[in-house]
Amino acid sequence: MTPQSIALNRFGLGYRRGDALPQDPRGWLKRQIADYEPSPKALAGRAVDGEEVARVIADTADFRAMRNAAREDADDPEAAAMMSKERQQDVRRSLVADIALRGRLALESDTPFMERIVHFWSNHFAVSTDKAQVPLLVGPYEFGAIRPHVTGYFGDLLKAASLHSAMLVYLDQWQSQGPNSRAAAMRERRGRPERGLNENLGREILELHTLGVDGGYTQEDVKELARALTGWTMQGLPAAARATPQSGGAAFFDYIHEPGMRTIMGRSYRDTGAGQALDILDDLAVHPSTARFIATKLARHFAGDAPPESLIDRLAKAFAESGGHLPKVYEALIDAPETWAEQPVKFRQPWEWAVGLLRAGGEMKLADRQFAIMLRELGQQAWQPGSPAGWDDREATWAGANALYRRVEAAERVADLLRLEDVRDLAEAMFPGSLSDTTRQSVRWAESNEMGFALLLVSPEMMRR
Amino acid sequence: MIDRRTMLAGSAALAAASLGPRMAFARTAGEKRLLVLVMRGATDGLALAAPLADPAFRTARAKWLDTYADAPKLDGTFALHPALAETGRLYGAGDALLVHAVATSYRERSHFDAQNLLETGGIRPFERRDGFLNRFLGLLEGSESPAIALASALPLALRGSNPASTYAPTTLPKASEALLDRLPDLYAGDPQLAGLWQQARQTEAIADASDMDSLGRARDAGTLAARMLADPQGARVVMMDLAGWDSHANQLGMLQRRLTQFDGLMEAFRTGIGPVWDDTLVLVVTEFGRTVAINGTNGTDHGTGSAALLLGGAVRGGRVMADWPGLAPAQLYEGRDLKPTMSLEALTSGALASHFGLDAERVMRSLYPGRTDRPTEGLIA
């Protein structure tokens with residue numbers, strides 16, 4: 001691969017039809033950090049702030065109350081079932097629109113490297129739409145909490161993501177309660193069933209968001225963080241109407257918070273209410289284990305499944321020395337010689353491949369629903385990794401026989417929709433100076449432009465970066 | 001446009017007719033079949049098979065005991081979760097063996113490390129790149145690929161040097177033969193893509209006119225797995241994931257749904273595979289168990305020991321196999337979890353060796369290098 005092709009394909013999301021080729025690949029990438037637009041025009045019509053999140057939560061609570069009233073008070077199970085069905089369709093429609101919006105942002109972006117970075121962080125702080133409530137929250141989560149923080153400090157990104165309502169729902173935090181909280185005491189007095197601690201979010205913050213599984217924490221640290229996190233719940237919940245609003249639609253409800261000092265990784269934290277968890281996250285964000293963990297994941301994403309240690313060292317150093325200032329880490333990634341290896345280093349994930357296909361065609365010919373179905377068939381539905389660890393970032397997960405077959409089917413369908421006429425020139429622009437003779441000849445000898453484009457989309461050059 | 005089903009049926013017949021000896025899935029020596037189901041997310045073994053006779057269980061899980069009021073008794077100690085009607089029927093017929101208080105050698109509580117070890121058979125997470133099931137393929141006679149994962153990507157357990165393929169049903173329009181014919185040339189200089197492409201064509205031919213459009217439907221998945229294994233030209237080993245067992249909150253409803261799905265899958269599989277059931281072993285495993293105590297959100301948190309299931313016509317079933325450690329506080333692992341008294345690695349290697357007629361020590365060494373557990377005996381008739 002030439003530096004031009006590396007900048008376009010390894011760092012970016014592929015060449016966009018009609019664009020000029022970057023003449024100064026490193027400079028082109030670095031300018032994108034400054035030019036990055038967290039709220040591009042395409043997002044203008046989508047409310048994604050905390051108010052919207054709170055509205056969604058309140059709306060869901062209202063819906064449940066109405067449906068339950070139909071089912072139980074009015075004893076009309078059919079009406080209740082119809083309401084549930086209509087609700088599901090609305091939720092699905094909203095999610096599909098957000099998935100397509102994500103695709104359009106990637107297609108239209110003039111800063112494709114930074115879009116990749118957004119996708120990286122969204123996957124690092126993964127939520128998954130197979131859990132109820134997440135489908136309506138994941139759009140506001142990525143568009144409203146991840147996007148604005150990818151060019152700031154990691155600590156701010158961490159707090160915005162790990163304590164967003166989408167994450168509080170996904171990892172069951174919103175209903176976790178301190179065993180010694182006022183709520184617990186009240187329930188005991190009234191003989192109500194006990195509620196208490198849920199350690200899910202506490203564990204995943206340590207294991208997946210910050211230190212990494214080998215980062216040096218213990219089961220007791222998990223418990224302590226879970227205790228500190230009690231009280232973090234959501235706006236829009238009738239039961240927590242007195243809670244203090246926080247960013248991202250979250251709320252802090254002192255009534256369910258576990259009182260007392262917490263000790264995590266050998267450090268003590270005074271009980272300052274909501275501030276206690278924030279203080280802990282601030283320290284975790286700059287912990288050396290976190291620097292190393294983030295550096296390793298970034299290196300693996302851009303420089304291969306088994307990235308050179310020298311690159312991890314470089315990125316961890318940039319992270320540590322800047323206190324987790326992310327642009328410094330991205331610059332180190334661009335400056336590092338290890339990310340410019342001539343041979344392709346990664347198998348493209350289905351999402352990257354699908355976006356690459358849109359950009360090569362230059363326009364979104366697929367309807368929202370068709371785009372979402374295509375992603376599912378390719379094996380990587382947006383925002384549905386099925387696990388808080390996010391999608392795996394290693395070749396063996398993606399280079400499957402069936403996955404390849406689906407790409408062939410999708411490529412032909414899109415090629416037939418687009419009916420391009422300049423496929424041979426496009427091939428040279430997509431992989432400048434890097435197109436193999438085999439692919440060039442396959443495209444040239446194809447019986448039609450459509451077949452030429454389909455072959456180009458499933459060529460070895462397009463499968464890897 | 002030509003309907004996809006018609007196309008598939010037509011092209012599959014054509015492909016089957018034109019497959020040379022290297023292309024077809026050869027029928028290797030032996031008739032034994034294996035289905036591996038991985039419940040990802042850590043299944044609560046104590047809910048799957050509840051030790052009702054253990055007083056500590058009745059105390060810790062008091063508010064959930066109603067679930068088992070009419071549940072089928074497995075023996076004097078355990079009752080099966082009531083969602084598992086078909087599984088219970090198979091148990092009654094002697095075709096299902098329940099193993100309890102079992103775990104891999106992993107003793108931390110990360111899903112991702114635990115699943116990695118469950119699948120690689122390694123001792124430390126992420127030290128091995130190949131899967132235990134792939135290494136097992138190497139022990140089977142015959143060199144052609146007999147393994148398929150019902151997934152769009154190959155799960156770690158099947159990755160490695162022995163060929164294994166993937167299949168997931170699709171609703172995409174079928175690609176044209178004209179395009180398919182061009183691909184071998186396009187991949188001529190690329191061994192990886194050429195190999196994947198060849199596997200993909202083979203699997204498409206076996207899956208044939210599948211009438212399901214999504215793996216999300218459990219019964220359809222059971223039927224498809226049965227079809228793949230029952231077909232004489234089909235697979236010898238099939239692996240499938242069942243996701244969604246991480247019951248941190250509102251466990252009762254969640255497990256009711258998941259176990260119902262699992263049971264429906266088993267019923268469809270049992271029906272679909274017909275007489276081949278007698279030569280089939282179904283192995284159901286999870287990465288670890290869950291806390292004995294109910295947590296603050298009506299769920300359970302990550303634990304250690306769990307349960308496993310062996311099903312099939314040749315399984316010495318109709319019983320629970322467990323060296324029950326007890327659930328009193330002093331009997332728990334680290335004061336919170338069911339203490340494992342059996343090794344999942346020993347269980348797996350014992351079952352596979354016995355089912356396929358292989359030397360158990362050799363299977364153990366190959367699947368789980370560095371382990372000293374003795375493979376479990378007496379699992380298969």
# chains A, B, ... in the order shown; residues from 1 in each chain; ligands from 1
$ residues_around --residues "Leu327 of chain B" --least-positions-apart "6" --cutoff "7 Å" --atoms "only C-alpha atoms" --output "VMD selection string"
chain B and resid 56 to 57 338
$ interface_residues --of "chain A" --to "chain B" --cutoff "6 Å" --atoms "only C-alpha atoms" --output "list in words"
Arg195, Gly196, Leu197, Asn198, Gly379, Thr397, Trp398, Gly400, Ala401, Asn402, Ala403 and Glu409 of chain A
$ select_by_dssp --residues "segment 88-178 of chain A" --states "alpha helix (DSSP H)" --output "ChimeraX atom specification"
/A:88-108,112-124,134-141,154-162,165-170
$ write_last_selection --atoms "C-alpha atoms" --output "PDB file, in the first residue's frame"
ATOM      1  CA  GLN A  88     -42.080  -2.149  19.202  1.00  0.00           C
ATOM      2  CA  GLN A  89     -42.578  -0.963  15.647  1.00  0.00           C
ATOM      3  CA  ASP A  90     -42.003   2.651  16.674  1.00  0.00           C
ATOM      4  CA  VAL A  91     -38.860   1.718  18.554  1.00  0.00           C
ATOM      5  CA  ARG A  92     -37.581  -0.299  15.606  1.00  0.00           C
ATOM      6  CA  ARG A  93     -38.281   2.553  13.192  1.00  0.00           C
ATOM      7  CA  SER A  94     -36.429   5.019  15.361  1.00  0.00           C
ATOM      8  CA  LEU A  95     -33.450   2.688  15.698  1.00  0.00           C
ATOM      9  CA  VAL A  96     -33.284   2.010  11.964  1.00  0.00           C
ATOM     10  CA  ALA A  97     -33.368   5.758  11.286  1.00  0.00           C
ATOM     11  CA  ASP A  98     -30.458   6.252  13.699  1.00  0.00           C
ATOM     12  CA  ILE A  99     -28.459   3.420  12.133  1.00  0.00           C
ATOM     13  CA  ALA A 100     -28.937   4.987   8.700  1.00  0.00           C
ATOM     14  CA  LEU A 101     -28.016   8.381  10.113  1.00  0.00           C
ATOM     15  CA  ARG A 102     -24.786   6.898  11.422  1.00  0.00           C
ATOM     16  CA  GLY A 103     -24.137   5.524   7.940  1.00  0.00           C
ATOM     17  CA  ARG A 104     -24.815   8.897   6.317  1.00  0.00           C
ATOM     18  CA  LEU A 105     -22.499  10.696   8.739  1.00  0.00           C
ATOM     19  CA  ALA A 106     -19.741   8.271   7.758  1.00  0.00           C
ATOM     20  CA  LEU A 107     -20.544   8.548   4.062  1.00  0.00           C
ATOM     21  CA  GLU A 108     -20.629  12.340   4.046  1.00  0.00           C
ATOM     22  CA  PRO A 112     -13.216  10.093   7.865  1.00  0.00           C
ATOM     23  CA  PHE A 113     -10.295   9.352  10.199  1.00  0.00           C
ATOM     24  CA  MET A 114     -12.175  11.059  13.013  1.00  0.00           C
ATOM     25  CA  GLU A 115     -15.353   9.161  12.134  1.00  0.00           C
ATOM     26  CA  ARG A 116     -13.324   5.988  12.584  1.00  0.00           C
ATOM     27  CA  ILE A 117     -12.247   7.338  15.958  1.00  0.00           C
ATOM     28  CA  VAL A 118     -15.896   7.943  16.908  1.00  0.00           C
ATOM     29  CA  HIS A 119     -16.728   4.361  15.940  1.00  0.00           C
ATOM     30  CA  PHE A 120     -13.741   3.128  17.922  1.00  0.00           C
ATOM     31  CA  TRP A 121     -14.838   4.871  21.111  1.00  0.00           C
ATOM     32  CA  SER A 122     -18.442   3.899  20.639  1.00  0.00           C
ATOM     33  CA  ASN A 123     -17.290   0.294  20.530  1.00  0.00           C
ATOM     34  CA  HIS A 124     -14.931   0.758  23.475  1.00  0.00           C
ATOM     35  CA  VAL A 134     -31.085   0.735  24.590  1.00  0.00           C
ATOM     36  CA  PRO A 135     -32.511   1.066  21.023  1.00  0.00           C
ATOM     37  CA  LEU A 136     -34.022   4.457  21.830  1.00  0.00           C
ATOM     38  CA  LEU A 137     -31.011   5.655  23.799  1.00  0.00           C
ATOM     39  CA  VAL A 138     -28.073   4.551  21.675  1.00  0.00           C
ATOM     40  CA  GLY A 139     -28.483   7.332  19.079  1.00  0.00           C
ATOM     41  CA  PRO A 140     -28.421  10.084  21.708  1.00  0.00           C
ATOM     42  CA  TYR A 141     -25.565   8.188  23.377  1.00  0.00           C
ATOM     43  CA  PHE A 154     -10.196  10.682  28.076  1.00  0.00           C
ATOM     44  CA  GLY A 155     -11.505  11.354  31.582  1.00  0.00           C
ATOM     45  CA  ASP A 156     -14.298  13.531  30.232  1.00  0.00           C
ATOM     46  CA  LEU A 157     -15.168  10.963  27.591  1.00  0.00           C
ATOM     47  CA  LEU A 158     -15.181   8.269  30.274  1.00  0.00           C
ATOM     48  CA  LYS A 159     -17.569  10.176  32.516  1.00  0.00           C
ATOM     49  CA  ALA A 160     -19.840  11.127  29.611  1.00  0.00           C
ATOM     50  CA  ALA A 161     -20.047   7.530  28.359  1.00  0.00           C
ATOM     51  CA  SER A 162     -19.929   5.339  31.471  1.00  0.00           C
ATOM     52  CA  SER A 165     -28.359   6.796  30.722  1.00  0.00           C
ATOM     53  CA  ALA A 166     -27.774   4.325  27.887  1.00  0.00           C
ATOM     54  CA  MET A 167     -24.943   2.730  29.884  1.00  0.00           C
ATOM     55  CA  LEU A 168     -26.811   2.967  33.204  1.00  0.00           C
ATOM     56  CA  VAL A 169     -29.639   1.007  31.602  1.00  0.00           C
ATOM     57  CA  TYR A 170     -27.440  -1.403  29.714  1.00  0.00           C
TER      58      TYR A 170
END
$ residues_around --residues "segment 78-81 of chain A" --least-positions-apart "5" --cutoff "12 Å" --atoms "only C-alpha atoms" --output "ChimeraX atom specification"
/A:63-73,86-88
$ select_by_dssp --residues "segment 111-238 of chain B" --states "strand (DSSP E)" --output "JSON, numbers by chain"
{"B": [147, 148, 149, 165, 166, 237, 238]}
$ write_last_selection --atoms "N, CA, C and O atoms" --output "PDB file, in the first residue's frame"
ATOM      1  N   ALA B 147     -16.828 -29.507  10.045  1.00  0.00           N
ATOM      2  CA  ALA B 147     -17.348 -28.688  11.136  1.00  0.00           C
ATOM      3  C   ALA B 147     -17.940 -27.385  10.628  1.00  0.00           C
ATOM      4  O   ALA B 147     -17.368 -26.716   9.770  1.00  0.00           O
ATOM      5  N   ILE B 148     -19.103 -27.021  11.185  1.00  0.00           N
ATOM      6  CA  ILE B 148     -19.749 -25.776  10.795  1.00  0.00           C
ATOM      7  C   ILE B 148     -20.234 -25.066  12.051  1.00  0.00           C
ATOM      8  O   ILE B 148     -20.823 -25.679  12.937  1.00  0.00           O
ATOM      9  N   ALA B 149     -19.963 -23.757  12.104  1.00  0.00           N
ATOM     10  CA  ALA B 149     -20.554 -22.939  13.151  1.00  0.00           C
ATOM     11  C   ALA B 149     -21.768 -22.241  12.566  1.00  0.00           C
ATOM     12  O   ALA B 149     -21.680 -21.661  11.490  1.00  0.00           O
ATOM     13  N   SER B 165     -16.087 -24.185   8.937  1.00  0.00           N
ATOM     14  CA  SER B 165     -16.784 -23.193   8.154  1.00  0.00           C
ATOM     15  C   SER B 165     -17.897 -22.562   8.971  1.00  0.00           C
ATOM     16  O   SER B 165     -18.166 -22.949  10.100  1.00  0.00           O
ATOM     17  N   THR B 166     -18.527 -21.547   8.375  1.00  0.00           N
ATOM     18  CA  THR B 166     -19.611 -20.866   9.064  1.00  0.00           C
ATOM     19  C   THR B 166     -20.821 -20.826   8.142  1.00  0.00           C
ATOM     20  O   THR B 166     -20.702 -20.848   6.931  1.00  0.00           O
ATOM     21  N   VAL B 237     -19.617 -31.986  13.033  1.00  0.00           N
ATOM     22  CA  VAL B 237     -19.594 -31.158  14.237  1.00  0.00           C
ATOM     23  C   VAL B 237     -20.277 -29.832  13.920  1.00  0.00           C
ATOM     24  O   VAL B 237     -19.958 -29.196  12.915  1.00  0.00           O
ATOM     25  N   VAL B 238     -21.233 -29.447  14.747  1.00  0.00           N
ATOM     26  CA  VAL B 238     -21.869 -28.142  14.596  1.00  0.00           C
ATOM     27  C   VAL B 238     -21.772 -27.411  15.923  1.00  0.00           C
ATOM     28  O   VAL B 238     -21.932 -28.012  16.991  1.00  0.00           O
TER      29      VAL B 238
END
$ atom_distance --atom1 "atom CA of Pro388 of chain A" --atom2 "atom CA of Leu283 of chain B"
26.1 Å
